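Report on one structure; see the data block that follows.
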Amino acid sequence: MAENEMANSSHEEAKRPNRRGPKGRQRGSQKGQGANLSKSFKQLFTYSRAYVPAIIVALVLSMAGSIFNIIGPDLLGDITDTITKGLMTSIDMDAVVHVTTILVVLYALMFVFQYIQGFIMATATQRISKSLRKDLSKKMNRLPLKYFDSNSTGDVLSRVTNDVDMVGQTLNQSLSGLTSAITLFLGSLVMMFWTNWIMAISAVLSTFIGFALMSILISKSQVFFGRQQKQLGKLNGYIEETYSGHNVVKAYNGEKLAKASFHEINTGLYDSAWKSQFLSGLMMPFMMFVGNLGYVVVCIVGAALAVNGHISFGVIVSFMLYIRLFTQPLTQIAQGATQLQSTAAASGRVFEFLNEKELADESEKQTKLETIKGEVSFRNVRFGYNENQPIIKNFSVNVKAGQKVAIVGPTGAGKTTLVNLLMRFYEVNDGEILIDGVPTSQLTRENLHDLFCMVLQDTWLFEGTIRENIVYSSKGVSDEQLEAACKAVGLHHFIKTLPNGYDTILDDKASLSAGQKQLITIARAMVKTAPLLILDEATSSVDTRTEMLIQEAMDKLTVGKTSFVIAHRLSTIKNADMILVMKDGDIIETGTHEELLKQNGFYAELYNSQFEQAS
Amino acid sequence: MLKIFKYFQKQDWLLILCSLVFIVTQVWLDLKIPDFMTEITKLVQTEGSKIGDVLVQGGYMLLCAVGSMLVSMCTVFLAAKVAAGFSVRLRGKVFDKTLSFSMEEISRFSTASLITRSTNDIMQVQMLIIMGLQIVIRAPIMAVWAILKITGKAWEWTAATGFAVAFLCVLIAIVVFIALPKFRVIQTLTDQLNRVTRENLSGIRVVRAYNAEGYQEEKFEQANNDLTKTNLFTGRTMAILFPSIGLMMSGMNLAIYWIGAVIINNAPMQDRLARFSDMVVFSSYAMQIIMSFMMLSMVFIMMPRAAVSAKRINEVLDTEVKIEDGNAKNSEKGKSSGEVEFRNVSFKYPDAEDYVLKNISFKAHKGETVAIIGSTGSGKSTLLNLIPRFMEASEGVVLVDGADVKDYTLEALRNKLGYVSQKAILFSGSVASNVAFGENEKKTDKEIKRAVDIAQGKEFVEKMEGQYEAAIAQGGTNISGGQKQRLSIARAIYKNPEIYLFDDSFSALDYKTDRVLRSQLKKEIKDATSIIVAQRIGTIIDADRIIVLDQGEVVGIGTHQELMKTCNVYQEIAYSQLSKEELEVG
């Protein structure tokens, strides 16, 4: 059983550097959250109900294996006694063979049980991890967008991968490890006392002293580990910053300075690094010493007793094995306990995400819009990302079918807010938005989304073929439709020049310009053929000529659709049927280009400023 | 993997040698403990032995145990020193190397990957070294020595041990060959899963707008299945490792006693006691051997990850930096005129077929503003990057103040230049430390204030808590994009260079700030030369000269008015941004 313990200890160490982030967090939260620990386990237990019987079988097997392991030394002692008895005469070989046979069977069974146990646990924990991951991924798409405003992508990502992995791994190791360790520990304790109580007491005492020493050591080394982690964090931050600002560092001859501060932090790390490595490395010699100490004590006490004829030599042989079986599980139990804490912390984070409030259920909504004219009206809409701070106050407007609505305003004015409301990424606080006279709140989100096609400023492409990226989730798109869309946006020729045409995979290596990426997202919207359109105009990373191509493509896209265009260049929206001017989140002016210029308000100022020369 | 060890220094090897001595001592002591047991066994089996004799032997055993612990503490100490020292040194090397990289090398590795290489990868190697120094060296020494010690007493025991060791070696080898490649696969599959998740998260609006939740989930499910399948395989394979080692350990003991019974039974009477104590001792040796191998197998499990890390670190260290330092501290004539000239300059990436820039020639005189405009991929930024030697011209020469940029020391060259990148870059520190970034001689707060003022940052900086000493978070995340850009422009102004290089630095600013800033700049830095890469016609409409690039070639040089008449590409760009009337008015 020592093997598991070794596995755990080296495993733990190996992982330490990588777990800086989550570990720090766990350690911080562990203290005040004893109650959460059991809560997390309850949740995890309920979640993995289906696997509980299998896990129990595994644990029983693990216990049985350990029990065989404990009986072993006793039988081995019998062999020894048989040998010593016959030392001066002749050994009863039949007895030896008999006991040996029993032992062979026992050990074979132990092996089989342990393997089956390992197999079941590996299978169960992997399956649990898998279904956790699956549920997390589904959950992701059922959360309101609000959640993602306050939680970073990295955070969600680490729940899906790191935390789930952590649950799987630690659950596997800690559960079976703990069960077998506790069985071994108690079993060998019982067997030792049953065999000879004097030797048992001396064995327990010697082990206890060894472990007292060890726990002092561990608590001391924690300090250095903390320090090392902190310094590592500082160092990593510095490296990240310097590498990302590489150009600037060079252009301003900041290399010497950067090197100097880096080497200062790096050298500082050396001290805490070797100390923490040293202290944690001491675990192994100490463990071996505890083992050796026990061995020596058992030998001496046993020999003393044997010389006086109190015990047979077989007892010493049994104890030489028991002492190993007894000391090893102790570390394992300690490690198992810490591992369970990690399991709890990680599964706590997983379930926290799974228990987040989801978007409202819409299965009872019956209204469905199939073909529409495309009239959109806002009626007394009030909205604020924070309900106490409304940014859109009582906004009303009617957009006729086929009209083009431009939304303008400086960066940060909240132009995407209207998109968020139209698509019901966020719900209005008051008032309503109607499509063909039907309030969007009466439609399912799915139905609503089907009515819109949307091109956003951040070109979102995924790793997959060009075809997959354009067709995306639209059903039944023929090759002709696909090509027609690409011809319309002027991509067809370019795609045809690629080695695999429409089946070229877009990944890091694909050298698509920002403009081409934008065109692909426009083609995606085109293929969808929905009556309403949301368009976030060209990105600032696209040059003006490519932008013209994109503009043309977008114009084609708007034909026959009621469109909402977030405009960045004022020159392109003069022909809009309606311009909404936004500032600080609110819509401050509404009208056509001419009307707004006449008003001589914010729009006029914005419009004129772009032509003024620096002088 | 082994290549990384060439970065060990003499002193490291010395320490390793020392630790080798310690390890040998430790093995000797560990194997000595059971030896005393031989004596004890004899004492016990001999009638009339005194307890005192037993205690003496026991005392020796205890001494050995303590000695073994002390010696192995020394080993750990040395290993910790070597590993920590090595990783600190290696990290320093990687950092220095990375800083010496030009843009070309950086983009080949990608910044994110370089960061991992300097941090996590080095930790992996450190862990392996510390484990290796303790375990990898110890296990074989232990096995060989223990087997040697018993050889000659009875070949059956030696054979049994040899068999067990061989079995363990084979087992480890099998696991290494079957499961370990899978661990690499798992890494890729985890990346895949991460990617799909990241995709879904970053495109969450698109996913919802297209009702593509199911589509994404299907993709995730695919990745999830692949990962789980491989995980299951490795998990189930690895599950056999530990029971097998346990079986070996117990089996060995049993075999030794069983063989022992036979041997003793066949031995002549006077040898029997000796054989018996050999048996007891040998079972202890066997335990030690198997334990060492068990730990060895742990190292093998760590190895592949560390090997990958070592390879990645080596890749960085073995990369040759293309750009070499010149030695001129200033131009030959010693003048600092702020003149920039391109003479038939071409640029292409190594291995690329097409030129990014082809045969570019132009000259910017002191105090002039030269603008570069063109579509994405036309080579604007590349052209600008040739001046501070972020990249090296493939053909032709770039001259600053009449001298080839390659002749200058990089420091001297860059002292002449004030570069502002497209994406504003700030470092953690204060507003002042960011503006006064670099190695220039100490200047006054007044200079910092002036620079920030010209860059239109005064208003917001003075509203910040602590004003010029206000904290800037890593990457400048506590201020807005426009504010960051203004501070990075202030940084260039503070430096008071002969030549300003603006790489599309104004696009993060709104039209109004852009205009005010440029007119301020024009007033304050009129002696300096400016080279501006831009997207907006408005930004460059009043430049002394505009260079129009199209697919790496110059298609027009002149003022706005001239180009409007002569250059088609320029007209196209202009009309896409402004209407005809506006342009004529302008």
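FYI, nothing fancy with the structure tokens labels: chains A, B, ... in order, residues from 1 per chain, ligands from 1 as they appear.
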*Report the residues of region 286-464 of chain B whose backbone DSSP state falls under strand (DSSP E or B), written as a PyMOL selection string.*
chain B and resi 328+340-347+357-364+369-374+395-400+403-404+408+417-420+429-430
*Give me every helix (DSSP H, G or I) residue in region 374-463 of chain B, going by DSSP on the backbone, as an NGL selection string.*
:B and (380-386 or 405-407 or 410-415 or 431-435 or 445-454 or 458-463)
*asked:* Measuring between only C-alpha atoms, which one of A:Met582, A:Leu422, A:Cys299, A:Val290 shows the shortest distance to Ile209 (chain A)?
replied: A:Val290
*Within 8 Å of Val315 (chain A) using only C-alpha atoms, minus same-chain residues under 4 positions, as an MDAnalysis selection string*: chainID A and resid 74 77 195:196 302 311 319
*asked:* With only C-alpha atoms as the counted atoms, please give the residues lying no more than 12 Å from Ala159 (chain B), apart from itself and same-chain residues fewer than 6 positions off, as an MDAnalysis selection string.
replied: chainID B and resid 147:148 150:153 165:167 252 255:256 259 286
Restrict the selected residues to C-alpha atoms and save them as a compact mmCIF listing (two decimals), in the first residue's frame.
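Output (part12.txt):
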# COMPACT_ATOMS: atom_id res chain seq x y z
CA ILE B 147 21.73 -7.80 -5.07
CA LEU B 148 25.53 -7.87 -4.88
CA ILE B 150 23.39 -11.36 -1.21
CA THR B 151 25.04 -12.86 -4.27
CA GLY B 152 27.08 -15.88 -3.41
CA LYS B 153 24.89 -16.85 -0.49
CA VAL B 165 13.53 -6.05 -10.51
CA ALA B 166 13.32 -7.10 -14.13
CA PHE B 167 9.58 -7.41 -13.85
CA MET B 252 9.08 -11.17 -3.04
CA ALA B 255 9.32 -16.15 -2.32
CA ILE B 256 12.29 -15.38 -0.10
CA ILE B 259 13.01 -20.47 -0.98
CA ALA B 286 14.13 -6.78 -1.05
*asked:* List the spatial neighbours of Gly118 (chain A) as a PyMOL selection string - criterion: any atom at most 9 Å away, only C-alpha atoms, same-chain residues fewer than 5 positions off excluded.
replied: (chain A and resi 58+62+113+123+172+176) or (chain B and resi 235-236+238-240+243)
Mind writing the picked residues with C-alpha atoms as an mmCIF file, in the first residue's frame?
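So again-v6.cif came out as:
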data_model
loop_
_atom_site.group_PDB
_atom_site.id
_atom_site.type_symbol
_atom_site.label_atom_id
_atom_site.label_comp_id
_atom_site.auth_asym_id
_atom_site.auth_seq_id
_atom_site.Cartn_x
_atom_site.Cartn_y
_atom_site.Cartn_z
ATOM 1 C CA ALA A 58 -14.701 -0.261 -5.177
ATOM 2 C CA SER A 62 -10.140 -1.775 -1.476
ATOM 3 C CA PHE A 113 -9.271 -6.616 -5.914
ATOM 4 C CA THR A 123 -14.000 4.857 -14.647
ATOM 5 C CA ASN A 172 -10.084 9.105 -7.309
ATOM 6 C CA SER A 176 -9.667 4.885 -2.427
ATOM 7 C CA GLY B 235 -6.558 5.893 -15.836
ATOM 8 C CA ARG B 236 -7.289 2.206 -16.324
ATOM 9 C CA MET B 238 -2.186 3.316 -14.628
ATOM 10 C CA ALA B 239 -4.485 1.502 -12.224
ATOM 11 C CA ILE B 240 -2.497 -1.670 -12.845
ATOM 12 C CA PRO B 243 -1.338 -3.196 -7.411
#
*For region 477-490 of chain B: contacts at 10 Å, only C-alpha atoms, fewer than 6 positions along chain excluded, given as a PyMOL selection string*: (chain A and resi 248+411-412) or (chain B and resi 418-428+431-432+434-437+448-458+460-461+464+471+496+500+502+505-510+513-514+517)
_My list of candidates is A:Pro329, A:Gly431, A:Gly464, A:Pro439. Which is closest to chain B when distances are computed with only C-alpha atoms?_
A:Gly464
*asked:* At a cut-off of 7 Å, using only C-alpha atoms, what residues contact Thr562 (chain A)? Leave out same-chain residues fewer than 4 positions from it and give the result as an MDAnalysis selection string.
replied: chainID A and resid 374 401:404 531:533
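Of the listed residues A:Val317, A:Ile470, A:Ile201, A:Leu482, the one whose atoms come nearest to Thr80 (chain A) is A:Val317, with distances taken using only C-alpha atoms.
When only C-alpha atoms are used to measure the gap to Leu132 (chain A), the shortest distance among A:Trp194, A:Tyr502, A:Phe224, A:Phe353 belongs to A:Phe353.
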